[in-house]
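Colleague: Below you'll find the structure I mean.
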Amino acid sequence: TESRTLSNEKAYRIKGIVSVRNNATLSIMPGTFLIGQPGSQPPSVLLITTAGKLVANGTRSRPIIFTSSQPVGSRVRGDWGGLILLGKAPLNDASGALSIEGLPELDETKYGGKDADHNCGYLRYVRVEFAGALLRPNEETNSITWGACGNGTVGEFLQSHYGLDDNFEWFGGNNSAKYLVSTYPADDHIDVQIGYSGSVQHVVAVANDDLSNRGIEADNYEKNF
């Protein structure tokens, strides 16, 4: 609920829903590790609410890494939930706002509005790995999720690695992203829906023979709006 900076001198555990709210900004230094904890329900996620902002500016030599708490060699898809950023930009729902997929319906999980310029924050040189969690059938968290983030949001030089669901997903909004690497998701490399209208440029997507679904899945809205 208050602005703070995470230092690269130690690692930080994410257990359950860790939310940034109350107009706070969470800043993360280059080279910082954030460690998702398995086994919680709802799943372990870093949630940037519509009343929060994330400033995660890594560098090429010192990226910011979100990973699993399991030992190296034992990490698998779905060890923890992932990174979720929620904004106030438009989406394709008559109500103008929804609760983000994969988490319980709470005030802090709602997203959407009329501010096309809303800024969810900055992601540069960030890697998210072994994330994604199943809340209920067809309700999963992704490695990196943007929900109605506006065009003030920055996402570039990002990697999503071994996600349980999609590696990069947009629900509405109009924020753009570029220089993305998507490796070995269990579902889609890129998934957009509910009226997303940004641009995605310069993507490398790599699948292997253990799952992976589509390179791009693009929907309007499965609820028949």
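Residues are referred to by chain and number: the chain letter is A, B, ... according to the order shown in the structure tokens, the number counts from 1 in that chain, and ligands are numbered separately from 1 in the order shown.
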Identify all residues of chain A in strand (DSSP E) (DSSP on the backbone) and supply them as a PyMOL selection string.

Modeller: chain A and resi 4-6+12-14+17-20+24-28+33-36+45-48+52-57+64-68+82-86+98-99+110-111+121-129+134-136+139-140+144-147+154-161+168-171+177-183+190-193+200-206+216-218

Colleague: Compile the contact shell of Val128 (chain A) as a PyMOL selection string: residues with an atom at most 12 Å away, counting only C-alpha atoms, same-chain residues fewer than 6 positions apart removed.

Modeller: chain A and resi 33-36+45-46+63-68+77-84+142-145+157-164+166-168+180-183+185

Colleague: Find the spatial neighbours of Tyr179 (chain A), counting only C-alpha atoms, within a cut-off of 10 Å - ignore same-chain residues fewer than 2 positions away - and output them as a list in words.

Modeller: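 Final neighbour list, sorted by chain and number: Arg124, Tyr125, Gly155, Glu156, Phe157, Leu158, Gln159, Ala177, Val181, Val200, Gln201, His202, Val203 and Val204 of chain A.
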
Colleague: Give me the residues within 12 Å of Ala148 (chain A) as an MDAnalysis selection string, counting only C-alpha atoms and dropping any in the same chain fewer than 6 places off.

Modeller: chainID A and resid 48:50 84:93 96:100 109:120 169:176 192:198

Colleague: Between CA of Asp188 (chain A) and CA of Val206 (chain A), what is the distance in Å, rounded to a tenth?

Modeller: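 Computing the Euclidean distance for CA of Asp188 (chain A) and CA of Val206 (chain A) yields 10.8 Å.
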